[in-house]
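Enquirer: Dropping in run-v7.cif, which is mmCIF, C-alpha atoms:
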data_model
loop_
_atom_site.group_PDB
_atom_site.id
_atom_site.type_symbol
_atom_site.label_atom_id
_atom_site.label_comp_id
_atom_site.auth_asym_id
_atom_site.auth_seq_id
_atom_site.Cartn_x
_atom_site.Cartn_y
_atom_site.Cartn_z
ATOM 1 C CA MET K 26 -76.580 193.293 22.423
ATOM 2 C CA ASN K 27 -74.235 195.162 20.132
ATOM 3 C CA CYS K 28 -74.133 192.686 17.222
ATOM 4 C CA ASN K 29 -76.524 190.438 15.309
ATOM 5 C CA TYR K 30 -74.147 187.644 14.266
ATOM 6 C CA LEU K 31 -72.111 186.137 17.110
ATOM 7 C CA ALA K 32 -69.818 183.102 16.904
ATOM 8 C CA PHE K 33 -68.384 180.967 19.673
ATOM 9 C CA GLU K 34 -65.116 179.269 18.796
ATOM 10 C CA GLY K 35 -62.682 176.891 20.474
ATOM 11 C CA ILE K 36 -61.679 173.258 20.386
ATOM 12 C CA ASP K 37 -64.131 170.662 21.699
ATOM 13 C CA GLY K 38 -64.352 170.655 25.470
ATOM 14 C CA SER K 39 -63.669 174.382 25.803
ATOM 15 C CA GLY K 40 -67.173 175.141 27.079
ATOM 16 C CA LYS K 41 -68.880 176.794 24.097
ATOM 17 C CA THR K 42 -72.261 175.219 24.813
ATOM 18 C CA THR K 43 -72.411 176.619 28.355
ATOM 19 C CA PHE K 44 -71.660 180.157 27.186
ATOM 20 C CA ILE K 45 -74.212 179.956 24.381
ATOM 21 C CA GLU K 46 -76.822 178.962 26.954
ATOM 22 C CA GLU K 47 -75.910 181.888 29.206
ATOM 23 C CA VAL K 48 -76.041 184.438 26.390
ATOM 24 C CA SER K 49 -79.395 182.978 25.306
ATOM 25 C CA LYS K 50 -80.826 183.509 28.793
ATOM 26 C CA GLU K 51 -79.819 187.171 28.719
ATOM 27 C CA LEU K 52 -81.379 187.689 25.295
ATOM 28 C CA ILE K 53 -84.619 186.127 26.519
ATOM 29 C CA LYS K 54 -84.621 188.489 29.497
ATOM 30 C CA SER K 55 -84.196 191.420 27.122
ATOM 31 C CA ASN K 56 -86.916 190.151 24.751
ATOM 32 C CA ILE K 57 -84.416 189.916 21.894
ATOM 33 C CA GLY K 58 -85.253 187.342 19.235
ATOM 34 C CA PHE K 59 -82.451 184.953 18.354
ATOM 35 C CA LYS K 60 -81.615 181.672 16.670
ATOM 36 C CA ILE K 61 -78.856 179.231 17.619
ATOM 37 C CA VAL K 62 -77.134 177.316 14.816
ATOM 38 C CA ARG K 63 -74.211 174.938 14.657
ATOM 39 C CA GLU K 64 -71.510 174.179 12.147
ATOM 40 C CA PRO K 65 -71.371 171.921 10.352
ATOM 41 C CA GLY K 66 -75.141 171.529 10.157
ATOM 42 C CA GLY K 67 -78.098 173.819 10.704
ATOM 43 C CA THR K 68 -79.885 172.827 7.486
ATOM 44 C CA LYS K 69 -81.074 169.520 6.026
ATOM 45 C CA LEU K 70 -78.126 169.525 3.635
ATOM 46 C CA GLY K 71 -75.731 170.645 6.358
ATOM 47 C CA GLU K 72 -76.785 167.917 8.774
ATOM 48 C CA GLY K 73 -76.153 165.312 6.071
ATOM 49 C CA ILE K 74 -72.686 166.747 5.500
ATOM 50 C CA ARG K 75 -72.118 166.814 9.273
ATOM 51 C CA GLU K 76 -72.788 163.083 9.460
ATOM 52 C CA LEU K 77 -70.222 162.440 6.740
ATOM 53 C CA LEU K 78 -67.613 164.700 8.338
ATOM 54 C CA LEU K 79 -67.851 163.447 11.900
ATOM 55 C CA SER K 80 -68.519 159.743 11.377
ATOM 56 C CA HIS K 81 -65.746 157.250 12.043
ATOM 57 C CA ASP K 82 -67.050 155.272 9.044
ATOM 58 C CA TYR K 83 -65.291 157.496 6.511
ATOM 59 C CA ARG K 84 -61.709 158.444 5.776
ATOM 60 C CA VAL K 85 -61.869 162.060 4.666
ATOM 61 C CA ASP K 86 -58.996 163.718 2.827
ATOM 62 C CA PRO K 87 -58.088 167.136 4.321
ATOM 63 C CA THR K 88 -59.005 168.991 1.117
ATOM 64 C CA SER K 89 -62.321 167.148 0.904
ATOM 65 C CA GLU K 90 -62.883 167.992 4.556
ATOM 66 C CA ALA K 91 -62.361 171.707 3.932
ATOM 67 C CA LEU K 92 -64.650 171.682 0.896
ATOM 68 C CA LEU K 93 -67.414 169.806 2.734
ATOM 69 C CA PHE K 94 -67.288 172.244 5.649
ATOM 70 C CA SER K 95 -67.486 175.215 3.289
ATOM 71 C CA ALA K 96 -70.402 173.662 1.386
ATOM 72 C CA SER K 97 -72.382 173.145 4.594
ATOM 73 C CA ARG K 98 -71.543 176.685 5.654
ATOM 74 C CA ALA K 99 -72.606 178.228 2.336
ATOM 75 C CA GLN K 100 -76.021 176.575 2.648
ATOM 76 C CA LEU K 101 -76.429 177.684 6.268
ATOM 77 C CA ILE K 102 -75.612 181.318 5.510
ATOM 78 C CA GLU K 103 -78.111 181.573 2.650
ATOM 79 C CA GLU K 104 -80.876 179.416 4.110
ATOM 80 C CA VAL K 105 -80.793 180.414 7.773
ATOM 81 C CA VAL K 106 -78.309 183.079 8.865
ATOM 82 C CA LYS K 107 -79.104 185.884 6.428
ATOM 83 C CA PRO K 108 -82.912 185.459 6.613
ATOM 84 C CA THR K 109 -82.796 185.444 10.427
ATOM 85 C CA ILE K 110 -80.736 188.629 10.576
ATOM 86 C CA GLU K 111 -82.987 190.266 7.965
ATOM 87 C CA LYS K 112 -85.908 189.624 10.328
ATOM 88 C CA GLY K 113 -84.098 191.651 12.955
ATOM 89 C CA GLU K 114 -83.073 188.688 15.086
ATOM 90 C CA VAL K 115 -79.661 187.652 16.409
ATOM 91 C CA VAL K 116 -77.803 184.578 15.161
ATOM 92 C CA ILE K 117 -75.596 182.745 17.638
ATOM 93 C CA THR K 118 -73.432 180.101 16.034
ATOM 94 C CA ASP K 119 -71.484 177.247 17.582
ATOM 95 C CA ARG K 120 -68.458 177.512 15.268
ATOM 96 C CA SER K 121 -68.142 179.483 12.058
ATOM 97 C CA ALA K 122 -65.887 179.863 9.024
ATOM 98 C CA TYR K 123 -63.070 180.780 11.420
ATOM 99 C CA SER K 124 -63.101 177.151 12.594
ATOM 100 C CA SER K 125 -62.075 175.928 9.160
ATOM 101 C CA VAL K 126 -59.159 178.345 9.033
ATOM 102 C CA ALA K 127 -57.925 176.952 12.348
ATOM 103 C CA TYR K 128 -58.767 173.286 11.802
ATOM 104 C CA GLN K 129 -58.199 172.692 8.095
ATOM 105 C CA GLY K 130 -55.979 175.661 7.291
ATOM 106 C CA VAL K 131 -53.531 175.346 10.185
ATOM 107 C CA GLY K 132 -54.371 172.016 11.832
ATOM 108 C CA ARG K 133 -54.465 170.015 8.590
ATOM 109 C CA GLY K 134 -51.782 172.155 6.972
ATOM 110 C CA LEU K 135 -53.832 173.302 3.969
ATOM 111 C CA GLY K 136 -52.801 176.907 4.511
ATOM 112 C CA TYR K 137 -54.227 179.719 6.638
ATOM 113 C CA LYS K 138 -54.810 182.095 3.714
ATOM 114 C CA GLU K 139 -55.962 179.388 1.318
ATOM 115 C CA VAL K 140 -58.727 178.148 3.638
ATOM 116 C CA TYR K 141 -59.674 181.689 4.632
ATOM 117 C CA ASP K 142 -60.122 182.588 0.950
ATOM 118 C CA LEU K 143 -62.090 179.395 0.260
ATOM 119 C CA ASN K 144 -64.525 180.208 3.039
ATOM 120 C CA ASP K 145 -64.724 183.874 2.135
ATOM 121 C CA PHE K 146 -65.926 182.730 -1.293
ATOM 122 C CA ALA K 147 -68.354 180.164 0.177
ATOM 123 C CA ILE K 148 -70.047 182.631 2.531
ATOM 124 C CA LYS K 149 -69.747 185.618 0.188
ATOM 125 C CA SER K 150 -67.717 187.474 2.835
ATOM 126 C CA PHE K 151 -70.566 187.198 5.369
ATOM 127 C CA TRP K 152 -68.385 186.583 8.445
ATOM 128 C CA PRO K 153 -69.589 186.844 12.070
ATOM 129 C CA GLN K 154 -69.467 190.369 13.495
ATOM 130 C CA LYS K 155 -68.065 189.218 16.823
ATOM 131 C CA VAL K 156 -66.276 186.070 17.941
ATOM 132 C CA ILE K 157 -65.748 184.716 21.429
ATOM 133 C CA LEU K 158 -62.777 182.352 21.489
ATOM 134 C CA LEU K 159 -62.541 180.006 24.451
ATOM 135 C CA ASP K 160 -58.840 179.232 24.599
ATOM 136 C CA ILE K 161 -57.732 176.098 26.431
ATOM 137 C CA ASP K 162 -54.856 173.616 26.635
ATOM 138 C CA PRO K 163 -55.862 170.761 24.279
ATOM 139 C CA GLU K 164 -54.852 168.103 26.778
ATOM 140 C CA ILE K 165 -57.344 169.539 29.275
ATOM 141 C CA SER K 166 -60.154 169.962 26.752
ATOM 142 C CA LEU K 167 -59.720 166.454 25.324
ATOM 143 C CA SER K 168 -59.854 164.949 28.815
ATOM 144 C CA ARG K 169 -63.346 166.465 29.190
ATOM 145 C CA GLN K 170 -64.756 164.628 26.180
ATOM 146 C CA LYS K 171 -66.673 161.434 26.877
ATOM 147 C CA VAL K 172 -67.170 160.352 23.271
ATOM 148 C CA ALA K 173 -65.112 161.910 20.492
ATOM 149 C CA ASP K 174 -66.205 162.171 16.853
ATOM 150 C CA ARG K 175 -63.804 161.563 13.955
ATOM 151 C CA ILE K 176 -62.210 165.011 14.170
ATOM 152 C CA GLY K 177 -62.339 165.186 17.962
ATOM 153 C CA SER K 178 -60.435 161.909 18.261
ATOM 154 C CA ASP K 179 -57.343 163.258 16.515
ATOM 155 C CA GLN K 180 -53.952 163.586 18.227
ATOM 156 C CA VAL K 181 -53.081 166.300 20.767
ATOM 157 C CA SER K 182 -50.433 167.589 18.354
ATOM 158 C CA PHE K 183 -53.204 168.345 15.836
ATOM 159 C CA PHE K 184 -55.194 170.344 18.383
ATOM 160 C CA ASN K 185 -52.108 172.276 19.418
ATOM 161 C CA LYS K 186 -51.864 173.431 15.792
ATOM 162 C CA VAL K 187 -55.584 174.265 15.765
ATOM 163 C CA ARG K 188 -55.102 176.345 18.887
ATOM 164 C CA GLU K 189 -52.245 178.211 17.206
ATOM 165 C CA GLY K 190 -54.532 178.870 14.246
ATOM 166 C CA TYR K 191 -57.235 180.305 16.474
ATOM 167 C CA LEU K 192 -54.792 182.583 18.257
ATOM 168 C CA GLU K 193 -53.421 183.774 14.917
ATOM 169 C CA LEU K 194 -56.980 184.652 13.851
ATOM 170 C CA ALA K 195 -57.617 186.461 17.127
ATOM 171 C CA ASP K 196 -54.467 188.482 16.592
ATOM 172 C CA GLU K 197 -55.274 189.376 12.974
ATOM 173 C CA PHE K 198 -58.914 190.216 13.700
ATOM 174 C CA SER K 199 -58.452 191.603 17.205
ATOM 175 C CA GLU K 200 -61.312 194.083 16.768
ATOM 176 C CA LYS K 201 -63.713 191.140 16.336
ATOM 177 C CA PHE K 202 -62.339 188.635 18.837
ATOM 178 C CA LEU K 203 -62.693 188.331 22.588
ATOM 179 C CA VAL K 204 -60.245 185.682 23.828
ATOM 180 C CA LEU K 205 -61.067 184.040 27.147
ATOM 181 C CA ASN K 206 -59.067 181.559 29.192
ATOM 182 C CA ALA K 207 -61.523 178.650 29.286
ATOM 183 C CA GLU K 208 -59.910 177.400 32.496
ATOM 184 C CA ASP K 209 -60.934 180.542 34.411
ATOM 185 C CA LYS K 210 -64.139 180.597 36.452
ATOM 186 C CA GLN K 211 -67.208 180.667 34.225
ATOM 187 C CA GLU K 212 -68.770 183.496 36.236
ATOM 188 C CA GLU K 213 -65.737 185.716 35.659
ATOM 189 C CA ASN K 214 -65.630 184.910 31.970
ATOM 190 C CA PHE K 215 -69.331 185.530 31.503
ATOM 191 C CA THR K 216 -68.993 188.934 33.153
ATOM 192 C CA LYS K 217 -66.404 189.768 30.483
ATOM 193 C CA VAL K 218 -68.732 188.467 27.773
ATOM 194 C CA SER K 219 -71.638 190.524 29.099
ATOM 195 C CA LYS K 220 -69.610 193.717 29.085
ATOM 196 C CA TRP K 221 -68.155 193.058 25.650
ATOM 197 C CA LEU K 222 -71.558 192.351 24.106
ATOM 198 C CA ASN K 223 -73.314 195.051 26.110
ATOM 199 C CA LEU K 224 -75.790 192.536 27.501
ATOM 200 C CA ALA K 225 -78.236 193.433 30.223
ATOM 201 C CA LYS K 226 -76.804 192.748 33.667
ATOM 202 C CA PRO K 227 -78.027 189.512 35.286
#
Step by step, read the file and then write its structure as structure tokens.
Expert:
Amino acid sequence: MNCNYLAFEGIDGSGKTTFIEEVSKELIKSNIGFKIVREPGGTKLGEGIRELLLSHDYRVDPTSEALLFSASRAQLIEEVVKPTIEKGEVVITDRSAYSSVAYQGVGRGLGYKEVYDLNDFAIKSFWPQKVILLDIDPEISLSRQKVADRIGSDQVSFFNKVREGYLELADEFSEKFLVLNAEDKQEENFTKVSKWLNLAKP
């Protein structure tokens, strides 16, 4: 494994969970310690914020949404991510600060740079070293969801903007991002992931 802070990104239904499980199996085989976290969440405070953000019981203003995400993320970085990495273990995260740039910055129209800067402040510039982006047509990914949370139940037009935001990030930070077509065969995509991360061969 050639990094200690790895993020999986993509809209819901893109297959992040499956890839996290596969990478975890390879780390176990190699006796590499790791911790899986999710955003929002991962701490007591973060899970409370997650409930607020994803519940259909609340109407959340886009700016409030961005601030809540960044607050959860700030707590996760200080309470879990940094201490885990300091112990010499790998952190694998289901979403990261890049999600907010795509979702709130581009999707909600708050501004790519504005939301990037907000999150850079919140996490004290502690961004993931590598990011695997599972790119997929929103109409396909949304059809895979059985039950959608508040954000996941938004319109296809919103997720098309989110996708554009992700691809803009992948272009700007090309040295950090591996973009995969989430509609390709999982075996083929995981081979690419293994090579990119320098994982032990299955």
Enquirer: List every residue of segment 29-63 of chain K that has an atom at most 7 Å from any atom of segment 104-117 of chain K, and for each one report the closest atom pair and its distance in Å to one decimal, counting only C-alpha atoms, with rows sorted by chain and then by increasing residue number, as JSON lines.
Expert:
{"residue": "K:Asn29", "atom": "CA", "partner": "K:Val115", "partner_atom": "CA", "distance": 4.3}
{"residue": "K:Tyr30", "atom": "CA", "partner": "K:Val116", "partner_atom": "CA", "distance": 4.9}
{"residue": "K:Leu31", "atom": "CA", "partner": "K:Ile117", "partner_atom": "CA", "distance": 4.9}
{"residue": "K:Ala32", "atom": "CA", "partner": "K:Ile117", "partner_atom": "CA", "distance": 5.8}
{"residue": "K:Gly58", "atom": "CA", "partner": "K:Glu114", "partner_atom": "CA", "distance": 4.9}
{"residue": "K:Phe59", "atom": "CA", "partner": "K:Val115", "partner_atom": "CA", "distance": 4.3}
{"residue": "K:Lys60", "atom": "CA", "partner": "K:Val116", "partner_atom": "CA", "distance": 5.0}
{"residue": "K:Ile61", "atom": "CA", "partner": "K:Ile117", "partner_atom": "CA", "distance": 4.8}
{"residue": "K:Val62", "atom": "CA", "partner": "K:Ile117", "partner_atom": "CA", "distance": 6.3}
Enquirer: Hey, what comes out of the PyMOL selection byres ((chain K and resi 122) around 12) on this file? Could you write it as an MDAnalysis selection string?
Expert: chainID K and resid 31:34 63:65 91:99 101:102 118:121 123:130 137 140:154 156 191 194
Enquirer: Got time to write the residues from that selection, C-alpha atoms, as a short mmCIF file (atom, residue, chain, number, x, y, z; two decimals), in the coordinates of the input?
Expert:
data_model
loop_
_atom_site.label_atom_id
_atom_site.label_comp_id
_atom_site.auth_asym_id
_atom_site.auth_seq_id
_atom_site.Cartn_x
_atom_site.Cartn_y
_atom_site.Cartn_z
CA LEU K 31 -72.11 186.14 17.11
CA ALA K 32 -69.82 183.10 16.90
CA PHE K 33 -68.38 180.97 19.67
CA GLU K 34 -65.12 179.27 18.80
CA ARG K 63 -74.21 174.94 14.66
CA GLU K 64 -71.51 174.18 12.15
CA PRO K 65 -71.37 171.92 10.35
CA ALA K 91 -62.36 171.71 3.93
CA LEU K 92 -64.65 171.68 0.90
CA LEU K 93 -67.41 169.81 2.73
CA PHE K 94 -67.29 172.24 5.65
CA SER K 95 -67.49 175.22 3.29
CA ALA K 96 -70.40 173.66 1.39
CA SER K 97 -72.38 173.14 4.59
CA ARG K 98 -71.54 176.68 5.65
CA ALA K 99 -72.61 178.23 2.34
CA LEU K 101 -76.43 177.68 6.27
CA ILE K 102 -75.61 181.32 5.51
CA THR K 118 -73.43 180.10 16.03
CA ASP K 119 -71.48 177.25 17.58
CA ARG K 120 -68.46 177.51 15.27
CA SER K 121 -68.14 179.48 12.06
CA TYR K 123 -63.07 180.78 11.42
CA SER K 124 -63.10 177.15 12.59
CA SER K 125 -62.08 175.93 9.16
CA VAL K 126 -59.16 178.34 9.03
CA ALA K 127 -57.92 176.95 12.35
CA TYR K 128 -58.77 173.29 11.80
CA GLN K 129 -58.20 172.69 8.10
CA GLY K 130 -55.98 175.66 7.29
CA TYR K 137 -54.23 179.72 6.64
CA VAL K 140 -58.73 178.15 3.64
CA TYR K 141 -59.67 181.69 4.63
CA ASP K 142 -60.12 182.59 0.95
CA LEU K 143 -62.09 179.40 0.26
CA ASN K 144 -64.53 180.21 3.04
CA ASP K 145 -64.72 183.87 2.13
CA PHE K 146 -65.93 182.73 -1.29
CA ALA K 147 -68.35 180.16 0.18
CA ILE K 148 -70.05 182.63 2.53
CA LYS K 149 -69.75 185.62 0.19
CA SER K 150 -67.72 187.47 2.84
CA PHE K 151 -70.57 187.20 5.37
CA TRP K 152 -68.39 186.58 8.44
CA PRO K 153 -69.59 186.84 12.07
CA GLN K 154 -69.47 190.37 13.50
CA VAL K 156 -66.28 186.07 17.94
CA TYR K 191 -57.24 180.30 16.47
CA LEU K 194 -56.98 184.65 13.85
#
Enquirer: Give the answer as one residue: which of K:Lys69, K:Ser168, K:Leu224, K:Lys201 has the shortest atom-to-atom distance to Ile53 of chain K, using all atoms listed in the file?
Expert: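 Between K:Lys69, K:Ser168, K:Leu224, K:Lys201, the residue approaching Ile53 of chain K most closely is K:Leu224.
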Enquirer: So what do you get for atom CA of Ser89 of chain K versus atom CA of Phe184 of chain K, distance-wise?
Expert: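 Separation of atom CA of Ser89 of chain K and atom CA of Phe184 of chain K: 19.1 Å.
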Enquirer: Could you work out how far atom CA of Ile157 of chain K lies from atom CA of Leu205 of chain K, giving the answer in Å with one decimal?
Expert: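 Going from atom CA of Leu205 of chain K over to atom CA of Ile157 of chain K, I get 7.4 Å.
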Enquirer: Which of these residues is nearest to Leu135 of chain K, using only C-alpha atoms: K:Ile161, K:Val48, K:Leu77, K:Val187?
Expert: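 Using only C-alpha atoms, the shortest distance to Leu135 of chain K belongs to K:Val187.
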Enquirer: For Thr88 of chain K, which residue among K:Glu103, K:Leu222, K:Gly136, K:Glu51 is the nearest when counting only C-alpha atoms?
Expert: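 Among the listed residues, the smallest separation from Thr88 of chain K belongs to K:Gly136.
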Enquirer: So what do you get for atom CA of Leu70 of chain K versus atom CA of Gly40 of chain K, distance-wise?
Expert: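 Atom-to-atom, atom CA of Leu70 of chain K to atom CA of Gly40 of chain K, that is 26.5 Å.
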Enquirer: Pick from K:Ile176, K:Leu52, K:Leu192, K:Val181: nearest to Glu164 of chain K, with all atoms listed in the file counted?
Expert: K:Val181
Enquirer: From the list K:Asp209, K:Asp86, K:Glu200, K:Glu189, which residue is nearest Gly35 of chain K when using all atoms listed in the file?
Expert: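 Nearest candidate to Gly35 of chain K out of K:Asp209, K:Asp86, K:Glu200, K:Glu189: K:Glu189.
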Enquirer: For a quick check of understanding, using all atoms listed in the file, which of K:Ile36, K:Gly190, K:Ser166, K:Phe44 has the smallest distance to Gly134 of chain K?
Expert: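 Result for the nearest residue to Gly134 of chain K: K:Gly190.
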Enquirer: For segment 199-202 of chain K, I'd like the enclosing box, axis-aligned and padded by 8 Å on every side, reported as JSON with centre and edge lengths in Å to one decimal.
Expert:
{"center_x": -61.1, "center_y": 191.4, "center_z": 17.6, "size_x": 21.3, "size_y": 21.4, "size_z": 18.5}
Enquirer: Leaving out Tyr83 of chain K and any residue of its chain fewer than 5 positions from it, which residues lie within 12 Å of it when counting all atoms listed in the file, given as a list in words?
Expert: Ile74, Arg75, Glu76, Leu77, Leu78, Ser89, Glu90, Asp174, Arg175 and Ile176 of chain K
Enquirer: Take segment 59-99 of chain K from the preceding structure and save C-alpha atoms as a compact mmCIF listing (two decimals), in the first residue's frame.
Expert:
# COMPACT_ATOMS: atom_id res chain seq x y z
CA PHE K 59 -6.34 -0.08 8.97
CA LYS K 60 -9.50 1.71 10.02
CA ILE K 61 -12.57 2.40 7.88
CA VAL K 62 -14.47 5.64 8.50
CA ARG K 63 -17.39 7.35 6.82
CA GLU K 64 -18.41 10.92 6.20
CA PRO K 65 -20.42 12.43 7.62
CA GLY K 66 -19.96 10.49 10.85
CA GLY K 67 -17.17 8.44 12.36
CA THR K 68 -17.36 10.10 15.79
CA LYS K 69 -20.14 10.58 18.35
CA LEU K 70 -20.49 14.20 17.28
CA GLY K 71 -20.24 13.30 13.61
CA GLU K 72 -22.94 10.64 13.81
CA GLY K 73 -25.29 13.18 15.41
CA ILE K 74 -24.58 15.62 12.58
CA ARG K 75 -25.08 12.80 10.06
CA GLU K 76 -28.57 12.18 11.41
CA LEU K 77 -29.43 15.86 10.99
CA LEU K 78 -27.99 16.03 7.47
CA LEU K 79 -29.57 12.91 6.03
CA SER K 80 -32.96 12.89 7.76
CA HIS K 81 -36.05 13.82 5.78
CA ASP K 82 -37.33 15.54 8.94
CA TYR K 83 -35.26 18.68 8.37
CA ARG K 84 -35.03 21.30 5.66
CA VAL K 85 -31.36 22.22 5.51
CA ASP K 86 -30.15 25.38 3.79
CA PRO K 87 -27.21 24.72 1.42
CA THR K 88 -24.84 26.92 3.44
CA SER K 89 -25.89 25.21 6.67
CA GLU K 90 -25.38 21.88 4.93
CA ALA K 91 -21.81 22.77 3.94
CA LEU K 92 -20.99 24.02 7.43
CA LEU K 93 -22.43 20.91 9.11
CA PHE K 94 -20.43 18.62 6.83
CA SER K 95 -17.23 20.54 7.54
CA ALA K 96 -17.88 20.46 11.30
CA SER K 97 -18.34 16.68 11.27
CA ARG K 98 -15.21 16.35 9.15
CA ALA K 99 -13.09 18.55 11.43
